Amino acid sequence: MSTDTVRTGAADDAAGRRREQHGWYFYDWACSVYSTSVLTVFLGPYLTSVAESAADADGFVHPLGIPIRAGSFFAYSVSASVILSIFVMPLAGAAADRTGRKKPLLAAAAYVGATATTGMFFLDGDRYLLGGFLLIVANASVAVSMVLYNSYLPQIAPPEERDTVSSRGWAFGYAAGALVLVANLVLFTAHDSFGLSEGTAVRICLASAGIWWGAFTLVPLKRLRDRPVTSPKGASAHGWGQLAATVRDMRRRPRTVAFLLAYLVYNDGIQTVISQASVYGSEELGLGQSTLIVAVLLVQLLAVGGALGMGRLARTYGAKRTILGSLVAWTVTIGAGYFLPAGSSMWFFVLAAGIGLVLGGSQALSRSLFSHLVPPGKEAEYFSAYEMSDRGMSWLGPLVFGLTYQLTGSYRDAIISLVAFFVIGFLLLARVPVRQAVRDAGNPVPDRI
């Protein structure tokens with residue numbers, strides 16, 4: 001084979017890899033709008049208000065006959081959605097590794113979630129049970145889709161590119177979230193000019209996130225490609241059988257398990273901050289919806305630069321040290337949030353800026369770091385375990401937040417309870433020897449990790 005032929009083949013491979021990477025970025029662009037507009041901004045306060053309209057004289061609703069404070073219903077619904085995810089994600093990961101057909105599974109999860117989100121347009125009056133059901137379906141669907149989406153990372157990026165590729169994916173997602181939030185802000189603040197009530201404007205914002213999610217999912221479905229199956233058959237030929245096989249396999253890699261445990265703890269705190277910050281701002285600080293939208297827009301804009309900037313820091317200091325630094329910043333930021341004066345939008349914006357600077361980078365680098373700990377051919381099944389730590393096991397934070405509020409009646413006490421997740425996560429991650437964990441997975445160790 002001539003040198004020119006080898007160079008041409010290498011160039012074609014690089015061009016194909018870049019094409020897949022660009023398509024991969026667009027799933028973050030598609031689904032992150034759900035996390036931003038729905039889960040972070042609109043649905044928490046709106047579903048809480050719907051539940052409050054259905055509450056009895058003591059402020060309780062009674063789904064399935066269980067008395068629940070209306071103010072805790074949203075947090076409990078988030079917890080229920082991620083518990084459901086625990087049962088669904090291993091099946092999706094097993095099917096993807098067994099068949100090699102990630103794209104059809106990604107499409108199914110994405111469009112179930114997009115449909116449920118679009119259906120939130122019909123959430124009005126006292127239909128809090130409908131809202132809880134649609135939230136559970138949409139949140140479980142996005143978790144399943146992220147298992148499949150994340151499992152592409154080791155296949156489309158060599159080790160030296162993964163921090164950068166993962167960070168760019170998160171940056172795409174935050175850029176999309178910012179763009180859609182601008183449109184949401186215009187619609188919400190000028191709803192009278194459009195002849196809409198405030199509730200109708202919120203429902204349109206919720207539904208538009210589902211339409212956006214479904215439309216832009218077409219890009220990764222066009223550009224990503226399925227690979228031939230490389231993992232062995234046999235014991236892992238069925239969903240729960242593969243889950244059991246994955247657990248047995250991970251027991252032989254205790255350092256990978258140690259990383260997942262650390263990630264489970266600190267990311268639980270991150271996910272709870274994301275889902276409950278708007279409730280804290282509206283219910284405890286008395287801030288209006290427009291202020292919350294501007295604050296989250298600020299988070300999105302700064303998270304783009306934060307994700308890319310922390311990706312660059314990782315090239316110098318390694319992903320682990322950079323993540324540890326971000327956890328210190330999370331601890332300081334959430335601790336400061338406890339002392340925010342009610343009604344002060346300026347200090348809430350300062351808090352939002354602190355969150356934005358560390359949010360994208362800590363998540364992006366955690367994803368790329370874990371990709372080095374995945375044995376070749378077992379991407380989807382290992383990323384199902386990762387996604388359990390990311391979303392599927394992130395039930396404890398919302399539960400702690402909801403229980404703290406239920407017991408104390410104070411959202412300040414609820415928000416400060418989340419500091420423990422970042423402190424414990426830092427201590428656990430600091431003990432993980434990541435270089436040896438990469439070797440244990442059978443992967444080459446990057447110069448900086």
# chains A, B, ... in the order shown; residues from 1 in each chain; ligands from 1
>>> residues_around(residues="Met250 of chain A", least_positions_apart="4", cutoff="10 Å", atoms="only C-alpha atoms", output="number ranges by chain")
A: 244-246, 254-257, 374-375, 382, 385, 441
>>> write_last_selection(atoms="N, CA and C atoms", output="PDB file, in the first residue's frame")
ATOM      1  N   ALA A 244     -26.495  -8.048  35.316  1.00  0.00           N
ATOM      2  CA  ALA A 244     -25.778  -8.858  36.302  1.00  0.00           C
ATOM      3  C   ALA A 244     -24.331  -9.077  35.876  1.00  0.00           C
ATOM      4  N   ALA A 245     -24.130  -9.326  34.556  1.00  0.00           N
ATOM      5  CA  ALA A 245     -22.768  -9.516  34.054  1.00  0.00           C
ATOM      6  C   ALA A 245     -21.943  -8.243  34.197  1.00  0.00           C
ATOM      7  N   THR A 246     -22.590  -7.082  33.972  1.00  0.00           N
ATOM      8  CA  THR A 246     -21.889  -5.810  34.127  1.00  0.00           C
ATOM      9  C   THR A 246     -21.452  -5.604  35.564  1.00  0.00           C
ATOM     10  N   PRO A 254     -12.488  -2.378  40.825  1.00  0.00           N
ATOM     11  CA  PRO A 254     -12.985  -1.601  41.974  1.00  0.00           C
ATOM     12  C   PRO A 254     -12.678  -0.112  41.862  1.00  0.00           C
ATOM     13  N   ARG A 255     -11.641   0.238  41.112  1.00  0.00           N
ATOM     14  CA  ARG A 255     -11.325   1.670  40.988  1.00  0.00           C
ATOM     15  C   ARG A 255     -12.352   2.383  40.117  1.00  0.00           C
ATOM     16  N   THR A 256     -12.875   1.693  39.110  1.00  0.00           N
ATOM     17  CA  THR A 256     -13.965   2.265  38.325  1.00  0.00           C
ATOM     18  C   THR A 256     -15.204   2.450  39.198  1.00  0.00           C
ATOM     19  N   VAL A 257     -15.494   1.467  40.029  1.00  0.00           N
ATOM     20  CA  VAL A 257     -16.631   1.562  40.948  1.00  0.00           C
ATOM     21  C   VAL A 257     -16.430   2.715  41.920  1.00  0.00           C
ATOM     22  N   VAL A 374     -13.861   2.700  30.746  1.00  0.00           N
ATOM     23  CA  VAL A 374     -14.796   1.747  30.142  1.00  0.00           C
ATOM     24  C   VAL A 374     -14.033   0.726  29.301  1.00  0.00           C
ATOM     25  N   PRO A 375     -14.171  -0.565  29.566  1.00  0.00           N
ATOM     26  CA  PRO A 375     -13.514  -1.565  28.721  1.00  0.00           C
ATOM     27  C   PRO A 375     -14.053  -1.507  27.295  1.00  0.00           C
ATOM     28  N   TYR A 382     -21.670   0.004  30.399  1.00  0.00           N
ATOM     29  CA  TYR A 382     -20.989   0.778  31.433  1.00  0.00           C
ATOM     30  C   TYR A 382     -21.588   2.172  31.563  1.00  0.00           C
ATOM     31  N   ALA A 385     -24.561   2.260  33.748  1.00  0.00           N
ATOM     32  CA  ALA A 385     -24.188   2.419  35.156  1.00  0.00           C
ATOM     33  C   ALA A 385     -23.818   3.869  35.460  1.00  0.00           C
ATOM     34  N   ALA A 441      -8.946  -0.986  33.051  1.00  0.00           N
ATOM     35  CA  ALA A 441      -9.962  -1.119  32.008  1.00  0.00           C
ATOM     36  C   ALA A 441      -9.371  -1.574  30.672  1.00  0.00           C
TER      37      ALA A 441
END
>>> closest_atom_pairs(of="segment 147-182 of chain A", to="segment 206-217 of chain A", cutoff="10 Å", atoms="only C-alpha atoms", output="tab-separated table")
residue	atom	partner	partner_atom	distance
A:Ala176	CA	A:Trp212	CA	9.7
A:Gly177	CA	A:Ala209	CA	9.5
A:Val180	CA	A:Ala209	CA	8.1
A:Leu181	CA	A:Ala209	CA	9.9
>>> residues_around(residues="Tyr76 of chain A", least_positions_apart="2", cutoff="7 Å", atoms="only C-alpha atoms", output="compact mmCIF listing (two decimals) with all heavy atoms, in the first residue's frame")
# COMPACT_ATOMS: atom_id res chain seq x y z
N SER A 72 -43.72 20.15 47.90
CA SER A 72 -42.77 19.05 47.73
C SER A 72 -43.11 18.14 46.54
O SER A 72 -42.33 17.26 46.21
CB SER A 72 -42.72 18.19 49.01
OG SER A 72 -42.23 18.91 50.10
N PHE A 73 -44.27 18.36 45.90
CA PHE A 73 -44.73 17.43 44.86
C PHE A 73 -43.75 17.37 43.69
O PHE A 73 -43.45 16.29 43.17
CB PHE A 73 -46.11 17.84 44.36
CG PHE A 73 -46.65 16.93 43.29
CD1 PHE A 73 -47.11 15.65 43.60
CD2 PHE A 73 -46.67 17.33 41.96
CE1 PHE A 73 -47.60 14.81 42.61
CE2 PHE A 73 -47.14 16.50 40.97
CZ PHE A 73 -47.60 15.23 41.29
N PHE A 74 -43.22 18.50 43.27
CA PHE A 74 -42.29 18.51 42.14
C PHE A 74 -41.03 17.72 42.47
O PHE A 74 -40.57 16.90 41.67
CB PHE A 74 -41.93 19.95 41.76
CG PHE A 74 -40.87 20.06 40.70
CD1 PHE A 74 -41.10 19.66 39.41
CD2 PHE A 74 -39.61 20.58 41.02
CE1 PHE A 74 -40.12 19.77 38.43
CE2 PHE A 74 -38.63 20.69 40.07
CZ PHE A 74 -38.89 20.28 38.75
N VAL A 78 -39.62 14.27 40.59
CA VAL A 78 -38.28 14.07 40.04
C VAL A 78 -37.67 12.79 40.60
O VAL A 78 -37.08 11.99 39.87
CB VAL A 78 -37.38 15.29 40.34
CG1 VAL A 78 -35.94 15.02 39.92
CG2 VAL A 78 -37.90 16.53 39.63
N SER A 79 -37.82 12.57 41.90
CA SER A 79 -37.29 11.35 42.50
C SER A 79 -37.94 10.11 41.89
O SER A 79 -37.26 9.12 41.59
CB SER A 79 -37.54 11.36 44.02
OG SER A 79 -36.78 12.35 44.65
N ALA A 80 -39.25 10.14 41.68
CA ALA A 80 -39.94 9.00 41.09
C ALA A 80 -39.45 8.73 39.67
O ALA A 80 -39.30 7.58 39.25
CB ALA A 80 -41.45 9.24 41.08
N PRO A 398 -33.03 15.21 45.46
CA PRO A 398 -34.38 15.77 45.53
C PRO A 398 -35.17 15.28 46.74
O PRO A 398 -35.97 16.03 47.31
CB PRO A 398 -35.02 15.28 44.22
CG PRO A 398 -33.88 15.07 43.29
CD PRO A 398 -32.76 14.59 44.16
N LEU A 399 -34.93 14.01 47.12
CA LEU A 399 -35.64 13.48 48.29
C LEU A 399 -35.21 14.21 49.55
O LEU A 399 -36.05 14.60 50.39
CB LEU A 399 -35.40 11.99 48.42
CG LEU A 399 -36.14 11.26 49.54
CD1 LEU A 399 -37.65 11.38 49.35
CD2 LEU A 399 -35.72 9.80 49.62
N GLY A 402 -36.70 17.68 49.40
CA GLY A 402 -38.12 17.66 49.70
C GLY A 402 -38.42 17.36 51.16
O GLY A 402 -39.28 18.00 51.78
>>> closest_atom_pairs(of="segment 267-329 of chain A", to="segment 361-367 of chain A", cutoff="9 Å", atoms="only C-alpha atoms", output="tab-separated table")
residue	atom	partner	partner_atom	distance
A:Asn267	CA	A:Gln363	CA	7.9
A:Ile270	CA	A:Gln363	CA	8.8
A:Ala303	CA	A:Gly361	CA	7.6
A:Val304	CA	A:Gly361	CA	8.8
A:Gly305	CA	A:Gly361	CA	8.9
A:Gly306	CA	A:Gly361	CA	5.8
A:Ala307	CA	A:Gly361	CA	3.9
A:Leu308	CA	A:Gly361	CA	7.1
A:Gly309	CA	A:Gly361	CA	7.6
A:Met310	CA	A:Gly361	CA	5.2
A:Gly311	CA	A:Gly361	CA	6.7
A:Ala314	CA	A:Leu365	CA	7.9
A:Ala319	CA	A:Leu365	CA	5.9
A:Lys320	CA	A:Leu365	CA	8.1
A:Thr322	CA	A:Ser362	CA	7.9
A:Ile323	CA	A:Ser362	CA	5.4
A:Leu324	CA	A:Ser362	CA	8.6
A:Ser326	CA	A:Ser362	CA	6.2
A:Leu327	CA	A:Ser362	CA	7.9
>>> write_last_selection(atoms="C-alpha atoms", output="compact mmCIF listing (two decimals), in the first residue's frame")
# COMPACT_ATOMS: atom_id res chain seq x y z
CA ASN A 267 -23.51 14.77 40.76
CA ILE A 270 -25.48 19.10 40.93
CA ALA A 303 -21.64 27.60 31.23
CA VAL A 304 -20.60 27.67 27.56
CA GLY A 305 -17.37 29.46 28.43
CA GLY A 306 -17.00 27.49 31.66
CA ALA A 307 -17.21 24.14 29.88
CA LEU A 308 -14.68 25.15 27.24
CA GLY A 309 -12.41 26.85 29.79
CA MET A 310 -12.37 23.87 32.15
CA GLY A 311 -11.65 21.65 29.16
CA ALA A 314 -7.83 19.77 32.06
CA ALA A 319 -9.46 16.09 34.45
CA LYS A 320 -9.40 14.80 38.04
CA THR A 322 -9.97 20.18 37.54
CA ILE A 323 -13.10 18.39 38.76
CA LEU A 324 -11.88 18.56 42.36
CA SER A 326 -14.94 22.63 40.65
CA LEU A 327 -16.34 20.80 43.69
>>> closest_residue(among="A:Ile66, A:Lys378, A:Thr118, A:Phe401", to="Asp249 of chain A", atoms="only C-alpha atoms")
A:Lys378
>>> closest_atom_pairs(of="segment 335-417 of chain A", to="segment 137-159 of chain A", cutoff="8 Å", atoms="only C-alpha atoms", output="CSV")
residue,atom,partner,partner_atom,distance
A:Arg367,CA,A:Asn150,CA,7.7
A:Ser368,CA,A:Leu153,CA,7.8
A:Ser371,CA,A:Pro154,CA,6.0
A:His372,CA,A:Pro159,CA,7.1
A:Glu379,CA,A:Ser151,CA,5.0
A:Ala380,CA,A:Ser151,CA,5.0
A:Phe383,CA,A:Val147,CA,5.5
A:Ser384,CA,A:Val147,CA,5.2
A:Tyr386,CA,A:Val147,CA,7.8
A:Glu387,CA,A:Val147,CA,5.8
A:Arg391,CA,A:Ala143,CA,6.1
A:Gly392,CA,A:Ala143,CA,7.0
>>> select_by_dssp(residues="segment 37-179 of chain A", states="alpha helix (DSSP H)", output="ChimeraX atom specification")
/A:43-53,73-99,102-118,128-150,153-156,162-179
>>> residues_around(residues="segment 285-301 of chain A", least_positions_apart="3", cutoff="9 Å", atoms="only C-alpha atoms", output="PyMOL selection string")
chain A and resi 36-37+40-42+45+171+173-179+181-182+184-185+188-189+277-278+280-282+304-306+340-345+348-357+359-360
>>> closest_residue(among="A:Leu105, A:Cys205, A:Leu187, A:Ile334", to="Met120 of chain A", atoms="only C-alpha atoms")
A:Cys205
>>> atom_distance(atom1="atom CA of Leu428 of chain A", atom2="atom CA of Gly442 of chain A")
23.1 Å
>>> closest_atom_pairs(of="segment 199-312 of chain A", to="segment 409-412 of chain A", cutoff="9 Å", atoms="only C-alpha atoms", output="JSON lines")
{"residue": "A:Val279", "atom": "CA", "partner": "A:Tyr411", "partner_atom": "CA", "distance": 8.5}
{"residue": "A:Tyr280", "atom": "CA", "partner": "A:Tyr411", "partner_atom": "CA", "distance": 6.0}
{"residue": "A:Glu283", "atom": "CA", "partner": "A:Tyr411", "partner_atom": "CA", "distance": 7.6}
{"residue": "A:Glu284", "atom": "CA", "partner": "A:Tyr411", "partner_atom": "CA", "distance": 5.8}
>>> write_last_selection(atoms="all heavy atoms", output="mmCIF file, in the first residue's frame")
data_model
loop_
_atom_site.group_PDB
_atom_site.id
_atom_site.type_symbol
_atom_site.label_atom_id
_atom_site.label_comp_id
_atom_site.auth_asym_id
_atom_site.auth_seq_id
_atom_site.Cartn_x
_atom_site.Cartn_y
_atom_site.Cartn_z
ATOM 1 N N VAL A 279 -37.305 26.743 42.132
ATOM 2 C CA VAL A 279 -38.258 26.670 43.237
ATOM 3 C C VAL A 279 -37.730 27.485 44.427
ATOM 4 O O VAL A 279 -38.484 28.226 45.074
ATOM 5 C CB VAL A 279 -38.503 25.202 43.654
ATOM 6 C CG1 VAL A 279 -39.418 25.134 44.867
ATOM 7 C CG2 VAL A 279 -39.104 24.416 42.497
ATOM 8 N N TYR A 280 -36.436 27.364 44.707
ATOM 9 C CA TYR A 280 -35.830 28.136 45.795
ATOM 10 C C TYR A 280 -35.967 29.635 45.534
ATOM 11 O O TYR A 280 -36.334 30.418 46.421
ATOM 12 C CB TYR A 280 -34.359 27.756 45.934
ATOM 13 C CG TYR A 280 -33.613 28.500 47.015
ATOM 14 C CD1 TYR A 280 -33.894 28.282 48.360
ATOM 15 C CD2 TYR A 280 -32.622 29.416 46.693
ATOM 16 C CE1 TYR A 280 -33.211 28.958 49.355
ATOM 17 C CE2 TYR A 280 -31.930 30.099 47.677
ATOM 18 C CZ TYR A 280 -32.223 29.873 49.009
ATOM 19 O OH TYR A 280 -31.544 30.555 49.993
ATOM 20 N N GLU A 283 -40.020 30.515 45.647
ATOM 21 C CA GLU A 283 -40.763 30.280 46.886
ATOM 22 C C GLU A 283 -40.078 30.885 48.117
ATOM 23 O O GLU A 283 -40.750 31.397 49.006
ATOM 24 C CB GLU A 283 -40.953 28.766 47.096
ATOM 25 C CG GLU A 283 -41.748 28.080 45.995
ATOM 26 C CD GLU A 283 -43.167 28.576 45.907
ATOM 27 O OE1 GLU A 283 -43.774 28.834 46.956
ATOM 28 O OE2 GLU A 283 -43.665 28.717 44.761
ATOM 29 N N GLU A 284 -38.745 30.822 48.189
ATOM 30 C CA GLU A 284 -38.041 31.321 49.375
ATOM 31 C C GLU A 284 -37.622 32.768 49.216
ATOM 32 O O GLU A 284 -37.726 33.572 50.150
ATOM 33 C CB GLU A 284 -36.816 30.457 49.656
ATOM 34 C CG GLU A 284 -36.024 30.880 50.892
ATOM 35 C CD GLU A 284 -36.796 30.648 52.184
ATOM 36 O OE1 GLU A 284 -37.567 29.673 52.268
ATOM 37 O OE2 GLU A 284 -36.636 31.464 53.119
#
>>> residues_around(residues="Ala54 of chain A", least_positions_apart="5", cutoff="10 Å", atoms="only C-alpha atoms", output="PyMOL selection string")
chain A and resi 48-49+59-62+70+125-129
>>> closest_residue(among="A:Arg448, A:Arg315, A:His22, A:Arg203", to="Arg223 of chain A", atoms="only C-alpha atoms")
A:His22
>>> residues_around(residues="Asp447 of chain A", least_positions_apart="2", cutoff="12 Å", atoms="only C-alpha atoms", output="list in words")
Pro159, Glu160, Glu161, Ala314, Arg315, Thr316, Tyr317, Gly318, Ala319, Arg435, Val438, Pro444, Val445 and Ile449 of chain A
>>> closest_residue(among="A:Val186, A:Val328, A:Ala108, A:Ile274", to="Gly397 of chain A", atoms="only C-alpha atoms")
A:Ile274
>>> closest_residue(among="A:Asp413, A:Asp192, A:Asp268, A:Asp440", to="Met388 of chain A", atoms="only C-alpha atoms")
A:Asp268
